[in-house]
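Below is one structure, written out as structure tokens; comments come after it.
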Amino acid sequence: MFQAILATSPMLSDIQAFLPEIYLTVGLLLVVIIDLLPGMTDRRIPALLSLVGLAFAARVLWQQMSGEPRIEAFGGLFVVDRFALFFKLFTTIAVTVVILYSLAWKRLESRMGEYYLVLMSAVLGIFVLVSSQHLLMVYIGLELLSIPSYILTGYFKNQRKSSEASLKYVIYGSVASGTMLYGFSLLYGLTGTLRLDEIGPALAQAFSESGNPEATALAFLMVLAGFGYKIAAVPFHYWLPDVYQGAPIPITTFLAVASKAAGFGVLLRYMYLVYGAPGALATLSDVDVVAWVDKLSLLIGIVAAVTMTLGNLAALRQKNVVRLLAYSSIAHAGYLLMGVAVIGSSGLEAVLFYLVAYLIMTLGAFGMVIYLSNSVKSEEIEDFRGAGWKAPIVCGAFVMCLVSLVGLPPTAGFVGKWMLFRGVIESGMLWLAVVAGLNSAISLYYYFRVAKALFLEKSEKEYTLKRSPVMAAIIIGLSVLVVYYGLRFGGLIDLVQQANLFAAVQ
Amino acid sequence: MDSFSLSQFGAFDLALMLVILLLPLLSFVILIFVGRKLPRQGDWLATMNLSICLGLALLLFAKMLVHEEAPELAFRSAAVAGVDAAGNGVIEDYNPIWVDVIGFVVKPGILFDNLTAIMLVVVTLISTLVHFFSIGYMHGDPRYSRYFAYLGLFTFSMIGLILSDNLLLLYVFWELVGVSSFLLIGFWFEKPSAASACVKAFITNRVGDFGFFIGIAILFTSFGVLGYHELFSALSADPTAGGTLSAGLLTAAGVLLFMGAVGKSAQMPLHIWLPDAMEGPTPVSALIHAATMVAAGVYLVGRLFVVFTPEALLVIALIGALTAIFAAFLGIVMHDIKKVLAYSTISQLGYMIAAIGVGAVTAGLFHLMTHAFFKALLFLGSGSVIYGMHHHQDMREMGGLRKKMPITFACMFIATLAISGVPLLSGFLSKDAILAGALFQWMVPGSGGPAWLYALPFVLLLMAAGVTSFYMFRLIFLTFFGETKSEHADHAHESPKVMTVPLIVLAVLAIGSGGLGLTSHLGIGTHWFNDHVAAPTLDVNEPNGAFLNTRSTELVLTEDEEHAEHSSHTIAMICSLLVAGTGIFLACCFYLWRKLSAAKVAAVLAPVHRTLENKYYFDNLFVGVLSKKVIVGGLNRFLWWFDATIIDGIVNLTARITRVLAAIQGLFDKIVVDGLVNLVGLVTIVWGFFAQRLQTGRIQTYLMMFLIGFVGLAAAFFLIG
């Protein structure tokens, strides 16, 4: 009924486009209020409220998905298109799983209202971020995501590792966003606008008229440094291992999946609108511009190659599963950047597809860590020895997720990699595909080491594995999805093809 | 759906093939879940399923023999059968789309031709026999039912690999075969050696498979198709793929595809996994690591023969021939009965690969089949010996088993005669055909490189033939002749019927599978295998020498060439008989009559033997250990070996040559192969050290690196171009 009233009033159409965010905010406020009520000590209540908020938001998102392909709100600051909806739904699913993980993880006990409040604020940040079409909104969204992330990382405030990680994260993040802001101001200076869809053509015009390749490049690189920090691309990745290890594992999961995807979401929108869209730099045929564009995509390709190589090689030496997954997530950012390097062609949909695959398999992997660490009280690989035979089906499902992370058939990870490889090969960057192929081979070793510890090595200490049917169901469900999308990916590809339409970009 | 008819292939045959494909999968699924609860842990179910498969495969095989026209059927998951102009069943139009990525469509399909029919029989037959044999061999194993489940998974994957009609589907089954091999090698995973052997096999294969995959990707990006038929017709229409493909790139694609075969078929330098794979149960060695899976690489190269450029073919021929000779030398110095057979397998696979490399595709595939029978027989025979010896595999503990295990002895002796190339047996025919092909290539060299390179395969393969008969007879003499050398050998006993009957069946095939063609060798009639499996050719108007090898484009030989081909057969036969005879004679001198100082030879062989044994430590490489220890150790060993050669080297000439060559091979493994792997490990460690140094945990360093990274990127941007 609320919606019906909104729909009748054209004045309020902006609000209607913003409805998912409003539902999230309401849910978040309810968490605060409930938390203040006396007697509400059950740790599940705030989680439940958050889930309800997400469910409401998801319902609206679903309706928007079948509604108009593109709605602009607030004078073009905010845009609801298929691309944004893709990322919002993606985030909703990821965060739902993260909340379930938080419930299952035994070490989260006190101050739960605060925990969910901050988590939902971060989700709100992601929603704003992926919908923004204006550099100011991009900045606000990014900070709205970052600041709760800092808080959540330091959630165990009396643990040294946790607080230290949080502080490092804050400082590193501030420097990165400062750099990015500088880039924004340069862009504004060059074009006179902050609207993403206007910057593209204006920049192209400025470039071909007055030709200022150095300033343009500097602006691009500074902005990319800011996004590079969010997705943890080398050389802007240093914060990541410490933060992943210091944060509560469900929060690490959130950072690895939802936050990283949001980073890619805004990076893709930025790169497409400012760089790859018709009329923007990458589509011009001017000799100077083409040389410039080639250099930039070569540079991104190099960053991708170095990112995946460093991530994989560093992961080889890790003994702690969370740290291993942290470096593996750096490596995956490298694979995904391959698609960004060739954004003009089929790169975009490959990235979107791989993100979905990455969501499923990474959630599965972190879920397993939570499942096991509840019983083992440790995240060292050697403490997981022999656990495979105690819960063979769940661990088998987990191994399937690892197989997908390596990128072997028949899994979604394989299909995603196939698409990414195809994209770069078609764009003539064969060397990048070769590097990525070698990297996949390396990654087999360390993922496999985890599987080996689970199934092929004997446990040294005696313990009983605590059963958790919900966690087991989630992990098995995720692994089934991994295989399902590895075999029947037509539907998913349709979805990402829809999502890559930045509909009605003039 | 039509019914079964002998005169024509149709949809009914497709149903048969699907049944053959799915029955092993069914036994896998049932056994893995409820195997332990079934009576006898379900071994009867797996064995019964496989026997049905064998029956059906024989039915198809019989049809193929009756069918004179050598049909090439392309089944595409059919509902409707049709008949094309040539009278062959071609079934299309019902195409469930399996993969559909942005207009790139892959359809699962079955390709059935005579080669498929023969391969089906080989796989199902050996798998069935191995199932029976395993009932005895694996009796009482704690994971008995899981063993049969894995066998089912393997057989399913192998059949799928044979039946698939496009490269992507092939690749999927190719990996599945690798996985089941991994599971079976590591079946006794409590043994650390087995656990690391399975990892080693899997990872070594990865190296080859990545090349394979890139090869597929190159072909696909150039021609846009993945099906064999589509690919071949695109290739014959325009090998340059509209100018996008250069001859060099096509060569690269060929060599990369071949890399897959190098991994799976254990060719140098990726052969290192196969000897370790012997840690698996012996019937598994017979099935997977001797007869079927390792032959998949040969099958692949044969199937894709027309894709290879002359240069690529030359590479294939040389790698095959080098593998054949070097692995054969290793066979001489092994004491473990299974290790001898493992190196023998590598060597014989080298033979097949080389055969295809020199253009004798039919001979190579023929050898694949005959080898499958006699090598499976040898492995099952060794399994029977090991079973009788209470799981001791060292030949030095055996001896005199001839009287205690007469059936095993007789069968293994037949297989030894076959592999040594003694006339009247299957191995003689196939090996001879390969040697003739290699000799012909020498006489009429191709355009892939200098002519002298084309002489190498024949020379190396001929030498390998001699060494083969030497080490095989050594094995027979050490195991079955002379005095018993240990308590286990004293108490050895013949294996139960469930194990010996498969041996007898295989022994009959080791004689018979070639015997059918013997008459053709004497110039009477034609050879059944040659009749039914022709070398694949392309239908090309203008042969493009840089792109396509002449063997797949020009069928008509000039008069000189025809003469050369004729004489090559005679010469090759005489040479191979001489060489094999010499090998057997020397083996008799050493190990039967003891005329030559076997003890002295053994003493001098010790350092070499140790060098070879040390190979197995290099599993450590996977965990990144290498460094000076290995290099310094290798150098020490080299100096020691040098001392031993110069000072103690006054032994008879044959032994000396043998020893030197074997040592060179050992050093090659040690220094070149290990060295390469070590180098990779070293680079990784150095990098890791470097990266870890930067990950100091200090935020100041992080921010400094942020700044340096950013400035570096900007500098790179301004400096490029």
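Each chain in the structure tokens gets a letter, A, B and so on, in the order shown; residues start at 1 in every chain, and ligands are counted from 1 in the order they appear.
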List the neighbours of Glu143 of chain A out to 9 Å using only C-alpha atoms; skip same-chain residues closer than 5 positions along the sequence, and give me the result as a VMD selection string.
-> chain A and resid 125 138 148 177
Just need the residues of chain A within 8 Å of chain B, counting only C-alpha atoms, so spit them out as a PyMOL selection string.
-> chain A and resi 168+171-172+175+214+217-218+221-222+225+235-236+238-239+242+295-296+299+310+313-314+317+409-410+426+437-438+441+445+456+487-490+493
Dump C-alpha atoms for the selected residues as a compact mmCIF listing (two decimals), in the first residue's frame?
```txt
# COMPACT_ATOMS: atom_id res chain seq x y z
CA LYS A 168 45.81 -0.08 10.00
CA ILE A 171 44.86 4.74 8.08
CA TYR A 172 45.37 2.87 4.86
CA VAL A 175 45.17 7.57 2.39
CA GLU A 214 49.41 13.41 -18.65
CA ALA A 217 46.34 9.66 -17.00
CA LEU A 218 47.11 10.99 -13.55
CA LEU A 221 45.46 6.41 -11.96
CA MET A 222 44.51 8.26 -8.79
CA ALA A 225 44.23 3.66 -6.76
CA PRO A 235 50.19 -2.56 -5.10
CA PHE A 236 47.23 -1.39 -3.02
CA TYR A 238 48.87 -4.42 1.83
CA TRP A 239 46.06 -3.89 4.29
CA ASP A 242 46.17 -8.27 8.37
CA LYS A 295 48.68 1.95 -22.69
CA LEU A 296 46.02 2.14 -20.01
CA LEU A 299 48.79 -1.20 -17.53
CA LEU A 310 51.69 -12.20 -6.05
CA LEU A 313 52.74 -17.12 -4.65
CA ALA A 314 52.15 -15.61 -1.24
CA ARG A 317 53.45 -20.27 2.01
CA PRO A 409 35.64 -28.28 -14.71
CA PRO A 410 32.82 -29.00 -14.08
CA GLU A 426 40.10 -12.10 -28.19
CA GLY A 437 46.90 -20.18 -16.77
CA LEU A 438 50.20 -20.64 -14.97
CA ALA A 441 48.33 -24.24 -11.95
CA TYR A 445 48.83 -26.69 -5.07
CA LEU A 456 44.63 -37.67 3.47
CA LEU A 487 27.17 -27.39 -16.17
CA ARG A 488 24.13 -25.26 -16.92
CA PHE A 489 25.25 -21.70 -17.05
CA GLY A 490 22.97 -20.43 -19.82
CA ILE A 493 24.86 -15.79 -18.62
```
Non-local contacts of Val361 of chain B (7 Å; only C-alpha atoms; under 3 positions in same chain excluded) as number ranges by chain | B: 302, 355-356, 364-365, 535
Using atom CA of Ala176 of chain A and atom CA of Val234 of chain A as the two end points, give the distance in Å to one decimal.
-> 13.0 Å
Give me, as a CSV table (one decimal) with C-alpha atoms, in the first residue's frame, all polymer residues having an atom no more than 8 Å from segment 256-270 of chain B, counting only C-alpha atoms and skipping those fewer than 6 positions away in the same chain.
```
chain,number,residue,atom,x,y,z
B,204,THR,CA,52.5,-33.5,-13.2
B,205,ASN,CA,49.5,-34.1,-15.4
B,206,ARG,CA,48.3,-30.5,-14.7
B,207,VAL,CA,51.4,-29.2,-16.4
B,208,GLY,CA,50.6,-31.1,-19.6
B,209,ASP,CA,46.9,-30.3,-19.4
B,210,PHE,CA,47.4,-26.6,-19.2
B,211,GLY,CA,49.3,-26.9,-22.5
B,212,PHE,CA,46.5,-29.1,-23.9
B,213,PHE,CA,43.9,-26.6,-22.9
B,214,ILE,CA,45.7,-23.6,-24.5
B,215,GLY,CA,46.1,-25.8,-27.6
B,216,ILE,CA,42.4,-26.3,-27.7
B,293,MET,CA,44.5,-44.4,-19.4
B,294,VAL,CA,48.1,-43.8,-20.4
B,295,ALA,CA,47.1,-44.8,-23.9
B,296,ALA,CA,44.6,-41.9,-24.0
B,297,GLY,CA,47.4,-39.6,-25.0
B,298,VAL,CA,48.3,-41.9,-27.9
B,300,LEU,CA,44.4,-38.2,-28.8
B,301,VAL,CA,47.4,-37.8,-31.0
B,316,ILE,CA,56.2,-35.8,-31.6
B,319,ILE,CA,60.0,-37.1,-28.1
B,320,GLY,CA,58.4,-40.5,-28.5
B,322,LEU,CA,63.7,-40.5,-27.0
B,323,THR,CA,61.2,-41.7,-24.4
B,346,ILE,CA,56.8,-45.6,-20.7
B,349,LEU,CA,54.2,-45.6,-25.0
B,350,GLY,CA,57.1,-43.8,-26.6
B,673,VAL,CA,64.3,-32.6,-15.0
```
Name the residues of segment 148-380 of chain B that come out as helix (DSSP H, G or I) in a backbone DSSP run; write them as number ranges by chain.
-> B: 148-163, 167-188, 192-223, 228-237, 247-264, 273-277, 282-291, 295-303, 305-307, 310-333, 337-357, 361-380
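Closest approach to Val123 of chain B among B:Asp141, B:Ala277, B:Thr292, B:Gly227 is made by B:Thr292 (distances from only C-alpha atoms).
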Can you tell me, as a ChimeraX atom specification, what residues are no more than 10 Å from Ala342 of chain B when counting only C-alpha atoms, ignoring any on the same chain fewer than 6 positions away?
-> /B:274-278,285-286,289-290,327-328,330-331,334,336,348,375,379
Store the residues picked out above in a file with N, CA and C atoms, as a short mmCIF file (atom, residue, chain, number, x, y, z; two decimals), in the first residue's frame.
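Generated output (out-v2.cif):
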```cif
data_model
loop_
_atom_site.label_atom_id
_atom_site.label_comp_id
_atom_site.auth_asym_id
_atom_site.auth_seq_id
_atom_site.Cartn_x
_atom_site.Cartn_y
_atom_site.Cartn_z
N LEU B 274 54.71 -41.70 -13.55
CA LEU B 274 54.20 -43.06 -13.78
C LEU B 274 54.87 -44.10 -12.88
N PRO B 275 56.20 -44.09 -12.73
CA PRO B 275 56.79 -45.09 -11.82
C PRO B 275 56.23 -44.99 -10.41
N ASP B 276 56.03 -43.77 -9.94
CA ASP B 276 55.47 -43.61 -8.59
C ASP B 276 54.04 -44.10 -8.51
N ALA B 277 53.35 -44.02 -9.65
CA ALA B 277 51.95 -44.42 -9.66
C ALA B 277 51.80 -45.90 -9.33
N MET B 278 52.90 -46.64 -9.39
CA MET B 278 52.84 -48.06 -9.07
C MET B 278 52.53 -48.31 -7.61
N SER B 285 47.29 -50.71 -11.64
CA SER B 285 48.42 -50.44 -12.54
C SER B 285 48.16 -51.08 -13.89
N ALA B 286 47.63 -52.29 -13.86
CA ALA B 286 47.39 -52.98 -15.13
C ALA B 286 46.35 -52.25 -15.96
N HIS B 289 47.46 -47.70 -15.59
CA HIS B 289 48.79 -47.19 -15.85
C HIS B 289 49.57 -48.08 -16.79
N ALA B 290 48.87 -48.98 -17.46
CA ALA B 290 49.55 -49.76 -18.49
C ALA B 290 48.72 -49.85 -19.74
N ALA B 327 63.61 -44.69 -21.35
CA ALA B 327 62.85 -45.47 -20.37
C ALA B 327 63.28 -46.92 -20.42
N ALA B 328 63.60 -47.43 -21.61
CA ALA B 328 64.02 -48.82 -21.72
C ALA B 328 65.29 -49.05 -20.92
N LEU B 330 66.23 -47.49 -18.30
CA LEU B 330 65.90 -47.49 -16.88
C LEU B 330 65.36 -48.84 -16.44
N GLY B 331 64.64 -49.51 -17.38
CA GLY B 331 64.06 -50.81 -17.04
C GLY B 331 65.11 -51.81 -16.63
N MET B 334 66.16 -51.63 -12.59
CA MET B 334 65.18 -51.68 -11.50
C MET B 334 65.14 -53.07 -10.86
N ASP B 336 62.50 -53.67 -8.40
CA ASP B 336 61.08 -53.87 -8.11
C ASP B 336 60.40 -54.33 -9.40
N GLN B 348 57.21 -48.26 -24.15
CA GLN B 348 56.30 -48.69 -25.21
C GLN B 348 55.37 -47.56 -25.64
N LYS B 375 50.62 -55.93 -21.98
CA LYS B 375 51.10 -55.24 -20.79
C LYS B 375 50.14 -55.44 -19.62
N PHE B 379 51.25 -57.01 -16.07
CA PHE B 379 50.98 -56.42 -14.77
C PHE B 379 50.14 -57.35 -13.90
#
```
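All residues of protein, DNA or RNA that reach within 10 Å of Leu337 of chain A, judged by only C-alpha atoms and not counting those fewer than 4 positions away in the chain, are Gly228, Ile231, Ala233, Phe264, Leu268, Ile300, Gly301, Ile302, Val303, Ala304, Ala305, Thr307, Met308, Ala331, His332, Ala333, Ala341, Val342, Ile343, Gly347, Val351 and Leu420 of chain A.
Atom pair atom CA of His335 of chain B / atom CA of Ile288 of chain B: separated by 21.9 Å.
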